[in-house]
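Shown below: input_31.tsv, with TSV, C-alpha atoms and all ligand atoms.
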chain	number	residue	atom	x	y	z
Z	200	MET	CA	141.13	87.47	93.40
Z	201	LYS	CA	138.35	87.59	95.98
Z	202	LEU	CA	138.76	90.15	98.76
Z	203	HIS	CA	138.04	89.22	102.35
Z	204	TYR	CA	137.24	92.00	104.77
Z	205	SER	CA	137.12	92.35	108.52
Z	206	LYS	CA	133.51	92.10	109.64
Z	207	THR	CA	134.14	94.28	112.65
Z	208	ASP	CA	135.19	97.65	111.23
Z	209	SER	CA	133.79	100.80	112.84
Z	210	TYR	CA	130.94	101.16	110.32
Z	211	THR	CA	129.84	97.58	110.91
Z	212	LYS	CA	129.81	98.18	114.68
Z	213	LYS	CA	127.95	101.46	114.25
Z	214	ALA	CA	125.34	99.80	112.00
Z	215	LYS	CA	124.78	97.14	114.64
Z	216	GLN	CA	124.39	99.75	117.39
Z	217	GLU	CA	122.00	101.85	115.28
Z	218	LYS	CA	120.04	98.75	114.22
Z	219	TYR	CA	120.73	98.89	110.50
Z	220	PRO	CA	121.07	95.51	108.79
Z	221	ALA	CA	124.11	96.66	106.75
Z	222	ARG	CA	126.99	99.11	107.03
Z	223	SER	CA	126.20	100.40	103.51
Z	224	VAL	CA	123.75	102.85	105.09
Z	225	TYR	CA	126.69	105.15	105.88
Z	226	LYS	CA	127.59	105.40	102.20
Z	227	LEU	CA	124.12	106.70	101.37
Z	228	GLU	CA	124.11	108.96	104.42
Z	229	GLU	CA	127.39	110.54	103.28
Z	230	ILE	CA	126.20	110.95	99.68
Z	231	ASP	CA	122.90	112.42	100.87
Z	232	LYS	CA	124.61	114.87	103.24
Z	233	LYS	CA	127.06	116.01	100.57
Z	234	TYR	CA	124.65	116.29	97.63
Z	235	ARG	CA	121.31	116.87	99.39
Z	236	LEU	CA	119.49	114.20	97.47
Z	237	ILE	CA	116.46	113.36	99.58
Z	238	LYS	CA	113.82	115.79	100.86
Z	239	LYS	CA	111.00	115.24	103.33
Z	240	SER	CA	108.28	115.35	100.65
Z	241	ASP	CA	110.05	112.92	98.28
Z	242	LYS	CA	108.91	109.63	96.84
Z	243	VAL	CA	111.97	107.42	96.39
Z	244	LEU	CA	112.66	104.23	94.43
Z	245	ASP	CA	115.38	102.00	95.97
Z	246	LEU	CA	116.75	99.40	93.51
Z	247	GLY	CA	118.49	96.40	95.09
Z	248	CYS	CA	117.20	97.27	98.55
Z	249	ALA	CA	117.96	94.09	100.57
Z	250	PRO	CA	118.86	93.64	103.38
Z	251	GLY	CA	117.27	97.07	103.88
Z	252	SER	CA	119.59	99.63	105.45
Z	253	TRP	CA	119.09	102.21	102.68
Z	254	LEU	CA	115.34	101.54	102.80
Z	255	ILE	CA	115.23	102.28	106.55
Z	256	TYR	CA	117.34	105.44	106.13
Z	257	ILE	CA	115.18	106.69	103.24
Z	258	ALA	CA	111.95	105.89	105.10
Z	259	LYS	CA	113.15	108.16	107.93
Z	260	LYS	CA	113.96	111.02	105.55
Z	261	ALA	CA	111.34	110.87	102.78
Z	262	GLU	CA	107.58	110.68	102.52
Z	263	LYS	CA	107.50	107.32	100.79
Z	264	VAL	CA	109.92	104.67	99.54
Z	265	VAL	CA	109.48	101.70	97.24
Z	266	GLY	CA	112.22	99.06	97.49
Z	267	VAL	CA	112.87	96.35	94.90
Z	268	ASP	CA	115.02	93.24	95.27
Z	269	VAL	CA	115.15	89.62	94.15
Z	270	LEU	CA	115.79	88.58	97.73
Z	271	GLU	CA	113.24	88.50	100.54
Z	272	MET	CA	113.55	91.22	103.18
Z	273	LYS	CA	114.06	90.06	106.74
Z	274	ILE	CA	113.58	93.45	108.39
Z	275	LYS	CA	110.25	94.90	109.47
Z	276	ILE	CA	109.25	97.08	106.51
Z	277	PRO	CA	108.71	100.71	107.68
Z	278	GLN	CA	105.14	102.00	107.49
Z	279	ASN	CA	105.84	104.46	104.68
Z	280	ALA	CA	107.72	101.82	102.63
Z	281	ILE	CA	106.64	99.17	100.15
Z	282	PHE	CA	108.74	96.18	99.18
Z	283	LEU	CA	108.48	94.50	95.77
Z	284	LYS	CA	110.21	91.15	95.29
Z	285	LYS	CA	111.22	91.55	91.65
Z	286	ASP	CA	114.15	91.20	89.29
Z	287	ILE	CA	114.99	94.71	88.05
Z	288	MET	CA	115.71	93.24	84.62
Z	289	ASN	CA	112.01	92.31	84.33
Z	290	PHE	CA	110.53	95.18	86.26
Z	291	ASP	CA	108.55	97.97	84.69
Z	292	VAL	CA	107.92	101.26	86.40
Z	293	TRP	CA	106.64	104.60	85.20
Z	294	GLY	CA	106.49	108.10	86.59
Z	295	ASN	CA	106.22	110.05	89.78
Z	296	TYR	CA	109.43	109.45	91.70
Z	297	ASP	CA	111.62	112.30	92.98
Z	298	VAL	CA	114.70	110.16	93.60
Z	299	VAL	CA	115.96	106.82	92.24
Z	300	VAL	CA	118.82	105.13	94.10
Z	301	SER	CA	120.59	101.96	93.05
Z	302	ASP	CA	122.96	99.98	95.24
Z	303	LEU	CA	122.47	96.98	92.96
Z	304	ALA	CA	125.32	94.51	93.05
Z	305	PRO	CA	125.61	91.44	90.87
Z	306	SER	CA	126.99	88.32	92.53
Z	307	THR	CA	130.73	88.75	92.01
Z	308	SER	CA	132.86	86.20	90.15
Z	309	GLY	CA	136.19	87.52	91.41
Z	310	ILE	CA	137.19	88.13	87.77
Z	311	GLU	CA	137.54	91.90	87.55
Z	312	PHE	CA	136.37	92.55	83.99
Z	313	VAL	CA	133.41	90.16	84.33
Z	314	ASP	CA	132.24	91.89	87.53
Z	315	GLU	CA	132.71	95.35	85.95
Z	316	GLU	CA	130.69	94.28	82.93
Z	317	ARG	CA	127.83	92.97	85.12
Z	318	SER	CA	127.87	96.08	87.28
Z	319	LEU	CA	127.72	98.27	84.17
Z	320	GLU	CA	124.75	96.29	82.89
Z	321	TYR	CA	122.93	96.96	86.18
Z	322	CYS	CA	123.80	100.66	86.02
Z	323	GLU	CA	122.45	100.94	82.47
Z	324	ARG	CA	119.24	99.29	83.65
Z	325	ALA	CA	119.01	101.56	86.72
Z	326	LEU	CA	119.42	104.63	84.50
Z	327	GLN	CA	116.78	103.33	82.09
Z	328	ILE	CA	114.37	102.84	85.01
Z	329	ALA	CA	115.24	106.33	86.33
Z	330	GLN	CA	114.49	107.85	82.91
Z	331	ARG	CA	110.99	106.35	83.06
Z	332	ALA	CA	110.33	106.86	86.74
Z	333	LEU	CA	111.78	110.26	87.63
Z	334	ASN	CA	109.94	113.53	87.71
Z	335	ARG	CA	111.68	116.42	86.00
Z	336	GLY	CA	114.32	117.82	88.40
Z	337	GLY	CA	114.64	114.46	90.17
Z	338	ASN	CA	117.85	112.91	91.55
Z	339	PHE	CA	119.73	109.67	90.89
Z	340	VAL	CA	122.47	107.67	92.63
Z	341	CYS	CA	124.01	104.53	91.28
Z	342	LYS	CA	126.79	102.22	92.45
Z	343	ILE	CA	129.27	101.15	89.79
Z	344	PHE	CA	132.40	98.97	89.85
Z	345	GLU	CA	134.92	101.21	88.11
Z	346	GLY	CA	136.14	99.88	84.79
Z	347	GLU	CA	136.29	100.49	81.07
Z	348	GLY	CA	132.65	101.44	80.66
Z	349	THR	CA	132.49	103.86	83.58
Z	350	GLU	CA	133.41	106.99	81.61
Z	351	GLU	CA	130.80	106.34	78.95
Z	352	PHE	CA	128.14	105.64	81.57
Z	353	PHE	CA	129.08	108.82	83.42
Z	354	LYS	CA	128.61	110.78	80.17
Z	355	LYS	CA	125.09	109.37	79.88
Z	356	VAL	CA	124.30	110.52	83.40
Z	357	LYS	CA	125.72	113.96	82.54
Z	358	ASP	CA	123.45	114.12	79.47
Z	359	ASN	CA	120.39	113.28	81.54
Z	360	PHE	CA	121.03	115.47	84.58
Z	361	GLU	CA	121.93	119.11	85.18
Z	362	PHE	CA	124.68	118.06	87.58
Z	363	ALA	CA	126.71	114.84	87.72
Z	364	LYS	CA	129.55	113.69	89.98
Z	365	ARG	CA	131.53	110.59	90.80
Z	366	PHE	CA	131.97	110.01	94.52
Z	367	LYS	CA	133.74	107.48	96.74
Z	368	PRO	CA	132.24	107.64	100.26
Z	369	LYS	CA	134.55	107.11	103.23
Z	370	ALA	CA	132.39	104.17	104.26
Z	371	SER	CA	133.20	102.46	100.95
Z	372	ARG	CA	136.17	100.17	101.47
Z	373	LYS	CA	139.37	101.45	99.86
Z	374	GLN	CA	140.09	98.04	98.32
Z	375	SER	CA	136.70	97.98	96.62
Z	376	ARG	CA	136.39	99.27	93.05
Z	377	GLU	CA	132.93	100.59	93.76
Z	378	ILE	CA	132.16	104.28	93.40
Z	379	TYR	CA	128.83	106.09	93.27
Z	380	ILE	CA	127.61	108.23	90.40
Z	381	VAL	CA	125.29	111.03	91.42
Z	382	GLY	CA	122.95	112.85	89.05
Z	383	LYS	CA	120.90	115.86	90.17
Z	384	GLY	CA	118.18	117.70	88.29
Z	385	PHE	CA	116.74	115.21	85.79
Z	386	ARG	CA	116.27	117.01	82.49
Z	387	GLY	CA	113.14	114.98	81.68
Z	401	LIG	C1	124.79	95.61	98.13
Z	401	LIG	S1	123.18	94.95	98.23
Z	401	LIG	C2	122.22	96.37	98.59
Z	401	LIG	C3	122.33	96.82	100.02
Z	401	LIG	C4	121.25	97.80	100.42
Z	401	LIG	N1	121.45	99.08	99.76
Z	401	LIG	C5	121.24	98.04	101.92
Z	401	LIG	O1	121.73	99.09	102.33
Z	401	LIG	O2	120.75	97.18	102.65
Z	401	LIG	C6	122.79	94.66	96.55
Z	401	LIG	C7	121.44	94.04	96.32
Z	401	LIG	O3	121.18	93.98	94.91
Z	401	LIG	C8	120.27	92.90	94.74
Z	401	LIG	N2	120.16	92.49	93.33
Z	401	LIG	C9	121.13	91.93	92.58
Z	401	LIG	N3	120.63	91.66	91.35
Z	401	LIG	C10	119.33	92.05	91.35
Z	401	LIG	C11	118.31	92.04	90.36
Z	401	LIG	N4	118.53	91.56	89.13
Z	401	LIG	N5	117.09	92.54	90.67
Z	401	LIG	C12	116.85	93.04	91.94
Z	401	LIG	N6	117.79	93.07	92.90
Z	401	LIG	C13	119.02	92.58	92.61
Z	401	LIG	C14	120.87	91.81	95.62
Z	401	LIG	O4	119.90	90.82	95.89
Z	401	LIG	C15	121.30	92.61	96.84
Z	401	LIG	O5	120.33	92.55	97.85

Go through the file and emit its structure as structure tokens.
Ligand SMILES: C[S@@+](CC[C@H](N)C(=O)[O-])C[C@H]1O[C@@H](n2cnc3c(N)ncnc32)[C@H](O)[C@@H]1O
Amino acid sequence: MKLHYSKTDSYTKKAKQEKYPARSVYKLEEIDKKYRLIKKSDKVLDLGCAPGSWLIYIAKKAEKVVGVDVLEMKIKIPQNAIFLKKDIMNFDVWGNYDVVVSDLAPSTSGIEFVDEERSLEYCERALQIAQRALNRGGNFVCKIFEGEGTEEFFKKVKDNFEFAKRFKPKASRKQSREIYIVGKGFRG
């Protein structure tokens, strides 16, 4: 069953007032405040960055951000940001990032197990990219639609990072099966 949401909840209004293209910025803000993911000197990789609210937030907080998406970006790209129009499944990246974030979302079918499976596939890919891209000690955040594979994926994150947590931000709609997996301190 497809879920239809009110477009005018408080986060949507706030995003409009604060000139972010999507309300999802408040999920990252909450995760960042709670887990202290992004520092001023950081270089950050943002996977699935369109329409760009995370990219704008990260650009304000970090030294540099590289965003990747299959879609074009309609926002003005911040000066310390780079946008790459690429499919993450065919995208190769190596070394030198302090943080990798993934808000990647496959187009949903409405069939729960199919959407979970696709989301898991994206998470596996995001973790693989993080393993190549992150500096030792680096941080990782990844959106996942909770399902059968979540526990196993979480274990992988735990193996790769000193600290791992599952987190559901307040800005994430209660009806949505999405949660975020946070990894801190990449073991390298
Ligand atoms: C929920 S949106 C991200 C929102 C973004 N964090 C923001 O705050 O503006 C998910 C994004 O993942 C992108 N995406 C989905 N599959 C992708 C792929 N294979 N490669 C790159 N981007 C992809 C979609 O195009 C979409 O823009």

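For Leu333 (chain Z), the list of residues within 6 Å, based on all atoms listed in the file and with local chain neighbours fewer than 6 positions off taken out, reads Gly294, Asn295, Tyr296 and Asp297 of chain Z.
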
Using the file's own x, y and z axes, what box holds all listed atoms of ligand LIG 401 (chain Z) with 8 Å on each side, keeping edges along x, y and z, and what are its centre and edge lengths in Å to one decimal, as lines of an AutoDock Vina configuration file?
center_x = 120.8
center_y = 95.0
center_z = 95.9
size_x = 23.9
size_y = 24.3
size_z = 29.5

Report task. Just the residues within 12 Å of Lys355 (chain Z), please, counting only C-alpha atoms, with nothing from its chain fewer than 3 positions along; format it as a list in words. Result ->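 The contact residues come out as Cys322, Glu323, Leu326, Gln327, Gln330, Gly348, Thr349, Glu350, Glu351, Phe352, Asp358, Asn359, Phe360, Glu361, Phe362, Ala363, Lys364, Ile380, Val381, Gly382, Phe385 and Arg386 of chain Z.
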
Report task. Could you check how far CA of Pro250 (chain Z) sits from CA of Ile287 (chain Z), in Å to one decimal? Result ->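 That distance, rounded to one decimal, is 15.8 Å.
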
Query raised in the report: Which is closer to Ser209 (chain Z) than all the others in Z:Pro305, Z:Tyr225, Z:Arg331, Z:Ala258, using all atoms listed in the file?
Result: Z:Tyr225

Report task. Using all atoms listed in the file, pick whichever of Z:Leu236, Z:Ile343, Z:Leu246, Z:Ile255 has the shortest atom-to-atom distance to Ala280 (chain Z). Result ->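 Using all atoms listed in the file, Ala280 (chain Z) sits closest to Z:Ile255.
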
Query - Closest of Z:Val243, Z:Leu303, Z:Leu227, Z:Ile328 to ligand LIG 401 (chain Z) - atom-to-atom distances counting all atoms listed in the file - result: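 Closest residue, counting all atoms listed in the file: Z:Leu303.
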
**Report entry** d(atom O5 of ligand LIG 401 (chain Z), CA of Ala304 (chain Z)) in Å
**Finding:** 7.2 Å

**Report entry** Selection within 8 Å of ligand LIG 401 (chain Z) by only C-alpha atoms and all ligand atoms, output as an MDAnalysis selection string
**Finding:** chainID Z and resid 220:224 245:254 267:270 284:288 301:306 321

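For the residues Z:Val292, Z:Ile276, Z:Ala214, Z:Val264, ranking by smallest atom-to-atom distance to Lys238 (chain Z) using all atoms listed in the file places Z:Val264 first.
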
Report task. Considering all atoms listed in the file, state which residue in the set Z:Phe339, Z:Tyr219, Z:Asn334, Z:Glu345 is at the smallest distance from Lys275 (chain Z). Result -> Z:Tyr219

Query raised in the report: Which residue gives the smallest distance to Asn338 (chain Z) among Z:Glu217, Z:Glu228, Z:Glu377, Z:Asp241, with all atoms listed in the file counted?
Result: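 So, comparing all the options, the nearest one is Z:Asp241.
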
Report task. Figure out the distance between CA of Gly384 (chain Z) and CA of Arg335 (chain Z), please, to one decimal in Å. Result ->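 One can read the CA of Arg335 (chain Z) to CA of Gly384 (chain Z) distance as 7.0 Å.
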